[in-house]
$ cat start.cif   # mmCIF, C-alpha atoms and all ligand atoms
data_coords
#
loop_
_atom_site.label_atom_id
_atom_site.label_comp_id
_atom_site.auth_asym_id
_atom_site.auth_seq_id
_atom_site.Cartn_x
_atom_site.Cartn_y
_atom_site.Cartn_z
CA MET A 1 163.05 -78.56 55.28
CA ASP A 2 160.89 -75.65 56.43
CA ASP A 3 161.39 -74.41 59.97
CA LEU A 4 158.46 -74.78 62.34
CA VAL A 5 158.32 -73.22 65.80
CA MET A 6 156.34 -75.31 68.28
CA ILE A 7 155.29 -73.44 71.41
CA GLY A 8 154.30 -76.36 73.67
CA PRO A 9 154.80 -80.14 73.42
CA MET A 10 152.44 -82.16 71.24
CA GLN A 11 151.57 -85.86 71.12
CA SER A 12 153.78 -88.31 69.25
CA SER A 13 151.41 -88.66 66.27
CA VAL A 14 151.81 -84.93 65.59
CA MET A 15 155.57 -84.91 66.19
CA ASP A 16 156.05 -87.89 63.85
CA SER A 17 153.95 -86.39 61.03
CA LEU A 18 155.41 -82.91 61.31
CA GLY A 19 158.94 -84.25 61.70
CA LYS A 20 158.75 -85.65 58.15
CA LYS A 21 158.02 -82.24 56.64
CA PHE A 22 159.49 -79.68 59.03
CA GLU A 23 162.51 -78.95 61.16
CA ILE A 24 160.74 -78.61 64.55
CA HIS A 25 162.10 -75.99 66.97
CA ARG A 26 160.91 -76.56 70.55
CA TYR A 27 160.12 -73.21 72.19
CA TRP A 28 159.14 -74.75 75.55
CA GLU A 29 162.56 -76.37 75.91
CA ALA A 30 164.52 -73.16 75.29
CA GLY A 31 166.17 -71.67 78.37
CA ASN A 32 166.54 -68.27 76.76
CA LYS A 33 163.38 -67.50 74.77
CA VAL A 34 164.80 -64.31 73.21
CA ASP A 35 167.83 -66.16 71.83
CA PHE A 36 165.60 -69.00 70.66
CA LEU A 37 163.35 -66.62 68.71
CA ALA A 38 166.37 -64.83 67.24
CA GLN A 39 167.70 -68.18 66.00
CA THR A 40 164.35 -69.19 64.48
CA SER A 41 163.45 -65.81 63.00
CA ASN A 42 163.13 -67.27 59.51
CA ALA A 43 160.31 -69.59 60.50
CA ARG A 44 157.12 -69.31 58.45
CA PHE A 45 155.21 -71.97 60.41
CA LEU A 46 154.13 -72.14 64.06
CA ALA A 47 152.15 -74.73 66.03
CA THR A 48 150.68 -73.98 69.44
CA ASN A 49 147.87 -75.02 71.77
CA GLY A 50 144.88 -73.24 73.29
CA HIS A 51 146.65 -72.73 76.61
CA ASP A 52 150.01 -71.32 75.45
CA GLY A 53 148.62 -69.48 72.42
CA CYS A 54 150.81 -66.95 70.63
CA SER A 55 151.45 -63.33 71.60
CA ALA A 56 152.09 -60.34 69.34
CA LYS A 57 155.60 -60.29 70.82
CA ILE A 58 156.34 -63.74 69.42
CA MET A 59 154.85 -62.75 66.07
CA ASP A 60 157.13 -59.69 66.02
CA ALA A 61 160.16 -61.87 66.70
CA LEU A 62 159.19 -64.10 63.76
CA PRO A 63 158.66 -61.55 60.95
CA LYS A 64 158.33 -64.22 58.24
CA LEU A 65 155.57 -66.09 60.08
CA GLU A 66 152.69 -67.08 57.77
CA ILE A 67 150.59 -69.52 59.77
CA ILE A 68 149.72 -70.36 63.38
CA SER A 69 148.10 -73.78 63.70
CA CYS A 70 146.34 -74.14 67.05
CA TYR A 71 145.60 -77.44 68.78
CA GLY A 72 142.17 -76.72 70.28
CA VAL A 73 139.04 -74.82 69.30
CA GLY A 74 139.53 -71.87 71.69
CA THR A 75 141.91 -69.27 70.29
CA ASP A 76 141.57 -66.64 73.03
CA SER A 77 145.24 -67.03 73.99
CA ILE A 78 146.32 -66.11 70.44
CA ASP A 79 146.42 -62.40 69.63
CA LEU A 80 144.10 -62.69 66.63
CA GLN A 81 144.14 -58.97 65.86
CA ALA A 82 147.94 -58.98 65.78
CA ALA A 83 147.86 -62.00 63.46
CA LYS A 84 145.34 -60.28 61.17
CA ASP A 85 147.40 -57.08 61.11
CA ARG A 86 150.48 -59.06 60.06
CA GLY A 87 148.64 -61.19 57.49
CA ILE A 88 149.28 -64.38 59.49
CA ARG A 89 146.77 -67.19 59.03
CA VAL A 90 145.39 -68.83 62.16
CA THR A 91 143.71 -72.25 62.25
CA ASN A 92 142.08 -74.23 65.06
CA THR A 93 140.48 -77.67 65.55
CA PRO A 94 136.69 -77.24 65.64
CA GLU A 95 134.03 -79.99 65.28
CA VAL A 96 136.35 -82.94 65.93
CA LEU A 97 136.17 -82.30 69.68
CA SER A 98 132.49 -81.43 70.01
CA ASP A 99 131.32 -84.98 70.86
CA ALA A 100 133.96 -85.45 73.54
CA VAL A 101 133.26 -82.11 75.23
CA ALA A 102 129.49 -82.64 75.07
CA GLU A 103 129.90 -86.10 76.57
CA LEU A 104 131.84 -84.69 79.49
CA ALA A 105 129.17 -82.01 80.00
CA LEU A 106 126.55 -84.68 80.53
CA GLY A 107 128.99 -86.70 82.61
CA LEU A 108 129.63 -83.76 84.92
CA MET A 109 125.92 -83.08 85.25
CA LEU A 110 125.18 -86.72 86.03
CA GLY A 111 128.08 -86.79 88.44
CA LEU A 112 126.74 -83.80 90.32
CA CYS A 113 123.04 -84.64 90.12
CA ARG A 114 123.33 -88.31 91.08
CA ARG A 115 126.28 -87.50 93.36
CA ILE A 116 128.35 -90.24 91.76
CA VAL A 117 131.70 -89.04 93.09
CA ASP A 118 130.40 -88.52 96.62
CA ALA A 119 128.55 -91.85 96.61
CA ASP A 120 131.70 -93.62 95.44
CA GLN A 121 133.55 -92.07 98.39
CA PHE A 122 130.70 -93.13 100.68
CA ILE A 123 131.37 -96.77 99.81
CA ARG A 124 135.14 -96.42 100.01
CA ASP A 125 134.76 -94.88 103.47
CA GLY A 126 132.92 -98.05 104.57
CA LYS A 127 129.71 -96.15 105.32
CA TRP A 128 127.22 -98.24 103.33
CA THR A 129 126.93 -100.96 105.99
CA SER A 130 125.66 -98.30 108.42
CA GLY A 131 122.84 -97.12 106.15
CA GLY A 132 121.96 -96.24 102.57
CA TYR A 133 123.10 -93.18 100.66
CA PRO A 134 120.66 -90.20 100.67
CA LEU A 135 118.27 -89.69 97.76
CA THR A 136 119.57 -87.53 94.90
CA GLY A 137 118.22 -85.35 92.12
CA GLU A 138 117.52 -86.55 88.57
CA LEU A 139 118.22 -85.04 85.18
CA ALA A 140 114.96 -86.18 83.55
CA GLY A 141 112.38 -83.42 83.65
CA SER A 142 114.86 -80.68 84.58
CA LYS A 143 115.72 -77.64 82.48
CA ILE A 144 119.14 -76.91 81.01
CA GLY A 145 120.17 -73.44 79.83
CA ILE A 146 123.04 -73.54 77.38
CA LEU A 147 125.23 -70.45 77.28
CA GLY A 148 126.57 -70.71 73.73
CA LEU A 149 124.51 -72.87 71.39
CA GLY A 150 127.43 -73.33 69.02
CA ARG A 151 128.97 -76.54 67.72
CA ILE A 152 129.56 -77.98 71.20
CA GLY A 153 126.41 -76.42 72.65
CA LYS A 154 124.26 -78.15 70.02
CA GLU A 155 125.83 -81.53 70.82
CA ILE A 156 125.06 -80.93 74.49
CA ALA A 157 121.47 -80.03 73.57
CA THR A 158 121.05 -83.27 71.60
CA ARG A 159 122.31 -85.32 74.52
CA ALA A 160 120.22 -83.39 77.05
CA GLN A 161 117.11 -84.14 74.99
CA ALA A 162 117.97 -87.85 75.08
CA PHE A 163 118.07 -87.48 78.86
CA LYS A 164 114.51 -86.02 78.72
CA MET A 165 115.61 -82.53 79.73
CA GLN A 166 114.09 -79.29 78.52
CA VAL A 167 116.62 -77.20 76.56
CA VAL A 168 116.84 -73.40 76.34
CA TYR A 169 119.78 -71.21 75.36
CA HIS A 170 121.39 -67.79 75.44
CA GLY A 171 123.85 -66.25 73.00
CA ARG A 172 124.33 -62.85 71.42
CA THR A 173 121.89 -63.72 68.68
CA GLU A 174 118.77 -65.81 68.38
CA GLN A 175 119.14 -68.84 66.09
CA ARG A 176 115.76 -68.82 64.38
CA PHE A 177 115.97 -72.33 63.00
CA GLU A 178 116.85 -74.01 66.27
CA PRO A 179 113.88 -75.57 68.07
CA PHE A 180 114.87 -74.35 71.55
CA PRO A 181 113.52 -71.25 73.32
CA TYR A 182 115.97 -68.33 73.23
CA TYR A 183 116.69 -65.95 76.10
CA ALA A 184 118.06 -62.54 75.20
CA SER A 185 119.11 -62.11 78.86
CA LEU A 186 121.50 -64.54 80.51
CA GLU A 187 120.23 -63.60 83.96
CA ASP A 188 116.62 -64.29 82.96
CA MET A 189 117.64 -67.66 81.60
CA ALA A 190 119.58 -68.48 84.78
CA ARG A 191 116.48 -67.70 86.85
CA ASP A 192 114.42 -70.21 84.84
CA VAL A 193 116.80 -73.19 84.63
CA ASP A 194 118.17 -75.93 86.87
CA TRP A 195 121.45 -76.20 84.97
CA LEU A 196 123.48 -73.42 83.40
CA VAL A 197 126.10 -74.82 81.04
CA ALA A 198 128.76 -72.40 79.81
CA VAL A 199 130.41 -73.32 76.53
CA ILE A 200 131.44 -70.07 74.88
CA PRO A 201 134.91 -68.77 73.95
CA GLY A 202 137.13 -66.98 76.46
CA GLY A 203 138.52 -63.48 75.92
CA ALA A 204 137.80 -59.92 77.01
CA SER A 205 134.18 -59.85 75.83
CA THR A 206 133.17 -62.92 77.84
CA THR A 207 135.25 -62.44 81.01
CA LYS A 208 133.07 -62.98 84.10
CA LEU A 209 129.93 -63.04 81.96
CA VAL A 210 128.58 -65.49 84.52
CA ASP A 211 128.75 -62.98 87.34
CA ARG A 212 127.34 -62.85 90.87
CA ASN A 213 123.90 -61.75 89.64
CA VAL A 214 123.65 -64.59 87.15
CA LEU A 215 124.75 -67.12 89.77
CA LYS A 216 122.29 -65.73 92.32
CA ALA A 217 119.54 -65.97 89.73
CA LEU A 218 120.47 -69.63 89.22
CA GLY A 219 119.86 -70.00 92.93
CA PRO A 220 120.10 -72.64 95.66
CA LYS A 221 118.53 -75.34 93.48
CA GLY A 222 120.56 -74.50 90.40
CA ALA A 223 124.02 -75.60 89.30
CA VAL A 224 126.60 -74.11 86.98
CA ILE A 225 128.65 -76.26 84.61
CA ASN A 226 131.69 -74.79 82.87
CA LEU A 227 133.45 -76.37 79.90
CA GLY A 228 134.38 -73.15 78.08
CA ARG A 229 137.06 -71.18 79.89
CA GLY A 230 137.67 -70.46 83.57
CA SER A 231 137.47 -66.75 82.80
CA LEU A 232 133.75 -67.03 81.96
CA ILE A 233 132.71 -67.29 85.64
CA ASP A 234 133.38 -64.92 88.51
CA GLU A 235 135.08 -67.69 90.48
CA ALA A 236 135.29 -65.79 93.78
CA ALA A 237 131.57 -64.96 93.66
CA MET A 238 130.76 -68.56 92.76
CA ILE A 239 132.70 -69.85 95.78
CA ASP A 240 130.97 -67.34 98.10
CA LEU A 241 127.54 -68.38 96.87
CA LEU A 242 128.33 -72.10 97.04
CA LYS A 243 129.48 -71.62 100.64
CA SER A 244 126.38 -69.67 101.65
CA GLY A 245 124.05 -72.09 99.88
CA GLU A 246 122.78 -69.39 97.53
CA LEU A 247 124.08 -71.48 94.63
CA GLY A 248 123.23 -75.18 94.61
CA GLY A 249 126.25 -76.69 92.92
CA ALA A 250 128.99 -76.50 90.32
CA ALA A 251 130.71 -78.94 87.98
CA LEU A 252 133.83 -77.46 86.48
CA ASP A 253 136.27 -78.58 83.81
CA VAL A 254 138.05 -75.21 83.52
CA PHE A 255 139.34 -72.70 86.06
CA GLU A 256 140.48 -69.11 86.13
CA GLU A 257 144.13 -69.93 86.84
CA GLU A 258 144.32 -73.62 86.06
CA PRO A 259 146.02 -75.83 86.97
CA LYS A 260 146.02 -73.74 90.15
CA MET A 261 142.63 -73.38 91.76
CA PRO A 262 141.04 -72.15 94.97
CA GLU A 263 141.33 -75.07 97.39
CA ASP A 264 138.01 -74.03 98.95
CA LEU A 265 136.43 -75.99 96.12
CA TRP A 266 138.10 -79.23 97.20
CA ALA A 267 136.12 -79.49 100.40
CA MET A 268 132.69 -78.96 98.82
CA SER A 269 130.57 -82.05 98.20
CA ASN A 270 128.22 -80.08 95.93
CA VAL A 271 131.08 -79.52 93.49
CA VAL A 272 132.53 -81.88 90.86
CA LEU A 273 135.98 -81.05 89.52
CA SER A 274 137.65 -82.13 86.30
CA PRO A 275 141.20 -81.19 85.18
CA HIS A 276 140.34 -79.64 81.78
CA GLN A 277 139.43 -82.99 80.23
CA GLY A 278 136.80 -81.79 77.73
CA SER A 279 138.56 -82.98 74.59
CA ALA A 280 140.97 -85.33 76.35
CA THR A 281 140.09 -88.68 74.82
CA GLU A 282 142.43 -90.81 72.72
CA LYS A 283 140.16 -90.54 69.69
CA THR A 284 139.55 -86.82 69.85
CA ARG A 285 143.11 -85.85 70.67
CA TRP A 286 144.31 -87.90 67.70
CA ALA A 287 141.81 -86.10 65.43
CA MET A 288 142.83 -82.70 66.80
CA GLY A 289 146.50 -83.46 66.18
CA ASP A 290 145.70 -84.65 62.67
CA LEU A 291 143.94 -81.36 61.94
CA VAL A 292 146.88 -79.32 63.27
CA VAL A 293 149.14 -81.20 60.88
CA ARG A 294 146.79 -81.00 57.89
CA ASN A 295 146.37 -77.26 58.26
CA LEU A 296 150.15 -76.77 58.25
CA LEU A 297 150.66 -79.09 55.30
CA ALA A 298 147.89 -77.41 53.32
CA HIS A 299 149.59 -74.07 53.78
CA GLN A 300 152.99 -75.54 52.95
CA ASP A 301 151.50 -76.86 49.70
CA GLY A 302 150.08 -73.45 48.84
CA MET A 303 146.52 -74.60 49.46
CA PRO A 304 143.78 -72.95 51.55
CA THR A 305 143.81 -74.08 55.19
CA ILE A 306 141.12 -76.52 56.29
CA THR A 307 139.78 -74.82 59.43
CA PRO A 308 140.70 -71.14 59.27
CA VAL A 309 140.00 -68.70 62.12
CA VAL A 310 141.80 -65.76 60.50
O1 LIG B 401 126.73 -65.19 70.55
P1 LIG B 401 126.48 -66.06 69.35
O2 LIG B 401 125.06 -66.08 68.95
O3 LIG B 401 127.46 -65.80 68.23
O4 LIG B 401 126.79 -67.55 69.87
C1 LIG B 401 128.08 -68.01 70.13
C2 LIG B 401 128.38 -67.98 71.63
N1 LIG B 401 129.02 -66.73 72.06
C3 LIG B 401 128.51 -65.92 72.98
N2 LIG B 401 127.39 -65.99 73.72
C4 LIG B 401 127.14 -64.98 74.59
N3 LIG B 401 127.96 -63.92 74.75
C5 LIG B 401 129.10 -63.80 74.04
N4 LIG B 401 129.91 -62.74 74.21
C6 LIG B 401 129.42 -64.84 73.11
N5 LIG B 401 130.45 -65.05 72.25
C7 LIG B 401 130.18 -66.21 71.62
O5 LIG B 401 129.30 -69.06 71.85
C8 LIG B 401 128.14 -69.51 69.81
O6 LIG B 401 126.88 -70.09 69.93
C9 LIG B 401 129.04 -70.09 70.88
C10 LIG B 401 130.39 -70.56 70.36
O7 LIG B 401 130.17 -71.58 69.44
P2 LIG B 401 131.26 -72.05 68.40
O8 LIG B 401 131.94 -70.87 67.81
O9 LIG B 401 130.64 -73.04 67.48
O10 LIG B 401 132.36 -72.74 69.30
P3 LIG B 401 132.47 -74.24 69.82
O11 LIG B 401 133.19 -75.08 68.85
O12 LIG B 401 131.13 -74.71 70.28
O13 LIG B 401 133.42 -74.02 71.09
C11 LIG B 401 133.05 -73.15 72.14
C12 LIG B 401 134.12 -72.98 73.19
C13 LIG B 401 135.53 -72.78 72.69
O14 LIG B 401 135.80 -71.48 72.28
C14 LIG B 401 136.38 -73.17 73.87
O15 LIG B 401 136.56 -72.09 74.73
C15 LIG B 401 135.52 -74.19 74.57
O16 LIG B 401 134.21 -74.12 73.99
O17 LIG B 401 136.06 -75.45 74.42
#
$ encode --input "start.cif" --output "structure tokens" --more "lines below"
Ligand code: A2R
Amino acid sequence: MDDLVMIGPMQSSVMDSLGKKFEIHRYWEAGNKVDFLAQTSNARFLATNGHDGCSAKIMDALPKLEIISCYGVGTDSIDLQAAKDRGIRVTNTPEVLSDAVAELALGLMLGLCRRIVDADQFIRDGKWTSGGYPLTGELAGSKIGILGLGRIGKEIATRAQAFKMQVVYHGRTEQRFEPFPYYASLEDMARDVDWLVAVIPGGASTTKLVDRNVLKALGPKGAVINLGRGSLIDEAAMIDLLKSGELGGAALDVFEEEPKMPEDLWAMSNVVLSPHQGSATEKTRWAMGDLVVRNLLAHQDGMPTITPVV
């Protein structure tokens, strides 16, 4: 059987399918990573996830590596240039997770706008008998600015329209055949919207793209939603502005140093937190795992991969 290096653990459906076709070598279990890589240096196949990725160092230690199959759509933790230079194919799991991530985007917005989490706590604290919960905002009639009208961004736009919201977007390029107004400047868009939803890839070119100026432009009545990568937002600036009231709210599924996060956020009632759950549904995770497997099997059979990145 072909050797396959697996960087982090995967769900049983993936382990079972891959186990039939590959000898799986578990990197995360190895005490001595250098020895582990020396012992698996013949491996042509590697499976990883969006968090652990794959460094050039690992690629160097596996000189026969032909394919990296990534569980997740974001590949910013994989050194894509190094893979390209070495002729290593990289695949990811796009599309199959777009519905789940878009659903959570709307869920986070509803949670923040209608204060669902805080109102739940209000009841659990026994406060309802002493008076009703304060009035909240409403999504209908508000404006959402999508940073990254890609596969997931478009699913968010569709759902936002069903919620009677006005949709605008920012990206590096205008998409002429999309019906939504385009902003060439992220800051200008932030100034005009109630909700700024970030759903673009991580990496050097997008680090802290949502900076202090963008957040200030969003303002005391605006809220930022992040489902892309923690690195997209200047987290320290966001916390400052949330504290001073210069930013109205935040609903976050991703964090700069997750699972660690600034505990300042925990005490804020104008913040909704989610532990990187965007694609974390039974259905979507099964489909992502299936795609990881099918990409590896396609390559093993000498066929083109199904969802190539490189
Ligand atoms: O910039 P464009 O027009 O190529 O639009 C892409 C946008 N994007 C950016 N926007 C502003 N500044 C940038 N430096 C920048 N880089 C990329 O992000 C495009 O509309 C969007 C990405 O869309 P897709 O490639 O279809 O990705 P998908 O499947 O929607 O996933 C987005 C991200 C993942 O990379 C994960 O980090 C996360 O959502 O789960």
$ residues_near_ligand --input "start.cif" --ligand "ligand LIG 401 (chain B)" --cutoff "6 Å" --atoms "all atoms listed in the file" --output "list in words"
Val73, Gly74, Pro94, Gly148, Leu149, Gly150, Arg151, Ile152, Gly153, Gly171, Arg172, Thr173, Val199, Ile200, Pro201, Gly202, Ser205, Thr206, Gly228 and Arg229 of chain A
$ closest_atom_pairs --input "start.cif" --of "stretch 132-187 of chain A" --to "stretch 211-217 of chain A" --cutoff "10 Å" --atoms "only C-alpha atoms" --output "JSON lines"
{"residue": "A:Ser185", "atom": "CA", "partner": "A:Val214", "partner_atom": "CA", "distance": 9.8}
{"residue": "A:Leu186", "atom": "CA", "partner": "A:Val214", "partner_atom": "CA", "distance": 7.0}
{"residue": "A:Glu187", "atom": "CA", "partner": "A:Val214", "partner_atom": "CA", "distance": 4.8}
$ write_last_selection --input "start.cif" --atoms "C-alpha atoms" --output "mmCIF file, keeping the file's coordinate frame"
data_model
loop_
_atom_site.group_PDB
_atom_site.id
_atom_site.type_symbol
_atom_site.label_atom_id
_atom_site.label_comp_id
_atom_site.auth_asym_id
_atom_site.auth_seq_id
_atom_site.Cartn_x
_atom_site.Cartn_y
_atom_site.Cartn_z
ATOM 1 C CA SER A 185 119.110 -62.110 78.860
ATOM 2 C CA LEU A 186 121.500 -64.540 80.510
ATOM 3 C CA GLU A 187 120.230 -63.600 83.960
#
$ closest_residue --input "start.cif" --among "A:Lys127, A:Lys21, A:Lys243, A:Lys154" --to "A:Val168" --atoms "all atoms listed in the file"
A:Lys154
$ closest_residue --input "start.cif" --among "A:Ile58, A:Leu104, A:Val90, A:Leu218" --to "A:Cys70" --atoms "all atoms listed in the file"
A:Val90
$ residues_near_point --input "start.cif" --point "(144.6, -77.6, 63.3)" --cutoff "6 Å" --atoms "all atoms listed in the file" --output "PDB file with C-alpha atoms, keeping the file's coordinate frame"
ATOM      1  CA  SER A  69     148.100 -73.780  63.700  1.00  0.00           C
ATOM      2  CA  CYS A  70     146.340 -74.140  67.050  1.00  0.00           C
ATOM      3  CA  TYR A  71     145.600 -77.440  68.780  1.00  0.00           C
ATOM      4  CA  THR A  91     143.710 -72.250  62.250  1.00  0.00           C
ATOM      5  CA  ASN A  92     142.080 -74.230  65.060  1.00  0.00           C
ATOM      6  CA  THR A  93     140.480 -77.670  65.550  1.00  0.00           C
ATOM      7  CA  LEU A 291     143.940 -81.360  61.940  1.00  0.00           C
ATOM      8  CA  VAL A 292     146.880 -79.320  63.270  1.00  0.00           C
ATOM      9  CA  ASN A 295     146.370 -77.260  58.260  1.00  0.00           C
TER      10      ASN A 295
END
$ residues_around --input "start.cif" --residues "A:Thr136" --least-positions-apart "6" --cutoff "9 Å" --atoms "all atoms listed in the file" --output "list in words"
Cys113, Arg114 and Arg115 of chain A
$ closest_residue --input "start.cif" --among "A:Glu178, A:Glu263, A:Glu66, A:Asp99" --to "A:Arg86" --atoms "only C-alpha atoms"
A:Glu66
$ axis_aligned_box --input "start.cif" --around "stretch 10-17 of chain A" --padding-each-side "5 Å" --output "JSON"
{"center_x": 153.7, "center_y": -85.4, "center_z": 66.1, "size_x": 14.6, "size_y": 16.5, "size_z": 20.2}
$ residues_around --input "start.cif" --residues "A:Leu4" --least-positions-apart "2" --cutoff "8 Å" --atoms "only C-alpha atoms" --output "PDB file with C-alpha atoms, in the coordinates of the input"
ATOM      1  CA  ASP A   2     160.890 -75.650  56.430  1.00  0.00           C
ATOM      2  CA  MET A   6     156.340 -75.310  68.280  1.00  0.00           C
ATOM      3  CA  PHE A  22     159.490 -79.680  59.030  1.00  0.00           C
ATOM      4  CA  GLU A  23     162.510 -78.950  61.160  1.00  0.00           C
ATOM      5  CA  ILE A  24     160.740 -78.610  64.550  1.00  0.00           C
ATOM      6  CA  HIS A  25     162.100 -75.990  66.970  1.00  0.00           C
ATOM      7  CA  ALA A  43     160.310 -69.590  60.500  1.00  0.00           C
ATOM      8  CA  ARG A  44     157.120 -69.310  58.450  1.00  0.00           C
ATOM      9  CA  PHE A  45     155.210 -71.970  60.410  1.00  0.00           C
ATOM     10  CA  LEU A  46     154.130 -72.140  64.060  1.00  0.00           C
ATOM     11  CA  ALA A  47     152.150 -74.730  66.030  1.00  0.00           C
TER      12      ALA A  47
END
$ closest_residue --input "start.cif" --among "A:Leu296, A:Met261, A:Leu106, A:Val96" --to "A:Thr48" --atoms "all atoms listed in the file"
A:Leu296
$ residues_around --input "start.cif" --residues "A:Gly289" --least-positions-apart "3" --cutoff "8 Å" --atoms "all atoms listed in the file" --output "number ranges by chain"
A: 10-11, 13-14, 71, 285-286, 292-293
$ decode --input "start.cif" --residues "stretch 87-121 of chain A" --atoms "C-alpha atoms" --output "PDB file, in the first residue's frame"
ATOM      1  CA  GLY A  87       5.721  20.270  -8.408  1.00  0.00           C
ATOM      2  CA  ILE A  88       3.467  19.118  -5.556  1.00  0.00           C
ATOM      3  CA  ARG A  89      -0.270  19.227  -6.217  1.00  0.00           C
ATOM      4  CA  VAL A  90      -2.471  20.854  -3.585  1.00  0.00           C
ATOM      5  CA  THR A  91      -6.227  20.325  -3.277  1.00  0.00           C
ATOM      6  CA  ASN A  92      -8.844  21.802  -0.933  1.00  0.00           C
ATOM      7  CA  THR A  93     -12.578  21.394  -0.230  1.00  0.00           C
ATOM      8  CA  PRO A  94     -14.434  24.347  -1.774  1.00  0.00           C
ATOM      9  CA  GLU A  95     -18.209  24.638  -2.431  1.00  0.00           C
ATOM     10  CA  VAL A  96     -19.272  21.773  -0.152  1.00  0.00           C
ATOM     11  CA  LEU A  97     -18.928  24.027   2.904  1.00  0.00           C
ATOM     12  CA  SER A  98     -20.365  27.250   1.489  1.00  0.00           C
ATOM     13  CA  ASP A  99     -23.950  26.656   2.710  1.00  0.00           C
ATOM     14  CA  ALA A 100     -22.850  25.821   6.242  1.00  0.00           C
ATOM     15  CA  VAL A 101     -20.565  28.847   6.557  1.00  0.00           C
ATOM     16  CA  ALA A 102     -23.181  31.178   5.057  1.00  0.00           C
ATOM     17  CA  GLU A 103     -25.793  29.817   7.451  1.00  0.00           C
ATOM     18  CA  LEU A 104     -23.568  30.568  10.409  1.00  0.00           C
ATOM     19  CA  ALA A 105     -22.944  34.089   9.084  1.00  0.00           C
ATOM     20  CA  LEU A 106     -26.655  34.819   9.210  1.00  0.00           C
ATOM     21  CA  GLY A 107     -26.913  33.040  12.551  1.00  0.00           C
ATOM     22  CA  LEU A 108     -24.198  35.211  14.058  1.00  0.00           C
ATOM     23  CA  MET A 109     -25.806  38.354  12.683  1.00  0.00           C
ATOM     24  CA  LEU A 110     -29.211  37.374  14.029  1.00  0.00           C
ATOM     25  CA  GLY A 111     -27.627  36.435  17.329  1.00  0.00           C
ATOM     26  CA  LEU A 112     -26.010  39.826  17.647  1.00  0.00           C
ATOM     27  CA  CYS A 113     -28.835  41.923  16.216  1.00  0.00           C
ATOM     28  CA  ARG A 114     -31.676  40.277  18.150  1.00  0.00           C
ATOM     29  CA  ARG A 115     -29.345  39.696  21.111  1.00  0.00           C
ATOM     30  CA  ILE A 116     -30.345  36.042  21.257  1.00  0.00           C
ATOM     31  CA  VAL A 117     -27.446  34.925  23.454  1.00  0.00           C
ATOM     32  CA  ASP A 118     -27.841  37.810  25.894  1.00  0.00           C
ATOM     33  CA  ALA A 119     -31.630  37.392  26.026  1.00  0.00           C
ATOM     34  CA  ASP A 120     -31.215  33.680  26.728  1.00  0.00           C
ATOM     35  CA  GLN A 121     -28.933  34.577  29.640  1.00  0.00           C
TER      36      GLN A 121
END
